[in-house]
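One structure is given here, and the rest of the page talks about it.
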Amino acid sequence: MKKPILRSAALVALAATFAASLAAPAFAASISSEAEALMPAAQRLADPYRRGVAEAYLEIAERQDSHVLVSNVYNDAAKRALVNARYLIDGSGQRQPLSSAKNWPTRENWVQAIRAIEATNARASASSCKGESAGRLLALTDEVWKEQDETHGTRWVHGWESIERAKKLSEQVDDELNHCAPPPVFVPTAADKPAALSTDALFDFDSATLTHNGNAALDELASKLKQARSIDAVTLTGYTDRFGTVEHNRDLSSRRAQSVADALKQRGVSAARLDVRGAGSTAPVATCPGPKTFAVIACLAPNRRVEVRVSARIAQPAAAQRLEPQVQPQQPQQQ
């Protein structure tokens, strides 16, 4: 009498497994359908760089959802990509990387390919010519690091497909940047309005350490400053938005301004006097009432900045040009 009971239990377990396997594709289809439904909104974004990032994240959401992911840590990659796209489209949710760390592969040709991709990202970030392709590359690079981070965790090698995809696009972006004529730039004098660098693009959240993209942006600024015959003084004033204590904001803004000053000196910018100030949340250029929501934080982005005011004699070729450092993409969660 026991044998039929065991058979019955086995059949129940088999039926449960079969039902679970049927349920899994339904979840996958929901992410794919959400991504497909959001694509028209992404395509309507006015800024081409932002549009490219959003469109690529939607494609990544569909692609990652179709993959069988071994590591439980990364089985939400598709969902994260979808959240990132939605954040770029309407400001809802919170943007987050697809990986927790940048784990370099052991294969040298893979390493060289990723370095080339990252170099193109840095070049695009500092350029006023970046467009939709550059935005797509930023998201595809996030997917590259996700694949390598998963390899690090599961000890099995994969991810060349994502590297190859991003590498091919990076070559296209490099070509586009090579053929783009950016607007003229110039070194500001004491009489001019100071140049404002977005701290969202220079630093990570609550940090005064320059990011890779931040260093690239300061490379371009230093190049413009060195066009001057001599620089009498450079005043660097850091600002934050209104969220956070007065003491914390003043300290953070001062440390960030100092980081910019140190970076300019390391790049050969010679000034008789460097004046570094931390002004915290004073002198806002944008007023956005309301509690600390993603929409308000995004609205306050112009307030998170380091202003650069220069007193200098300008070299002949730069006399009629204007400095507008490009330091996007911004991350509105920054303080």
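Order determines the names: the first chain of the structure tokens is A, the second B, and so forth; residues in each chain are numbered 1 upward, and ligands are numbered 1 upward as they are shown.
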
Give me, as a PyMOL selection string, the residues of segment 143-257 of chain A that a backbone DSSP run labels helix (DSSP H, G or I). chain A and resi 143-154+160-178+199-202+212-225+246-257

Residue neighbourhood segment 163-175 of chain A, 8 Å, only C-alpha atoms, exclusion window fewer than 6 positions, as number ranges by chain: A: 110, 113-114, 116-117, 120-121, 124, 133-134, 137, 140-141, 144

Compile the contact shell of segment 86-90 of chain A as a VMD selection string: residues with an atom at most 9 Å away, counting only C-alpha atoms, same-chain residues fewer than 2 positions apart removed. chain A and resid 38 41 to 42 44 to 45 50 to 51 53 to 54 58 81 to 84 92 to 95 295

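The shortest atom-to-atom distance to Arg80 of chain A, with only C-alpha atoms taken into account, belongs to A:Asp142 out of A:Gln112, A:Ala46, A:Asp142, A:Ala122.
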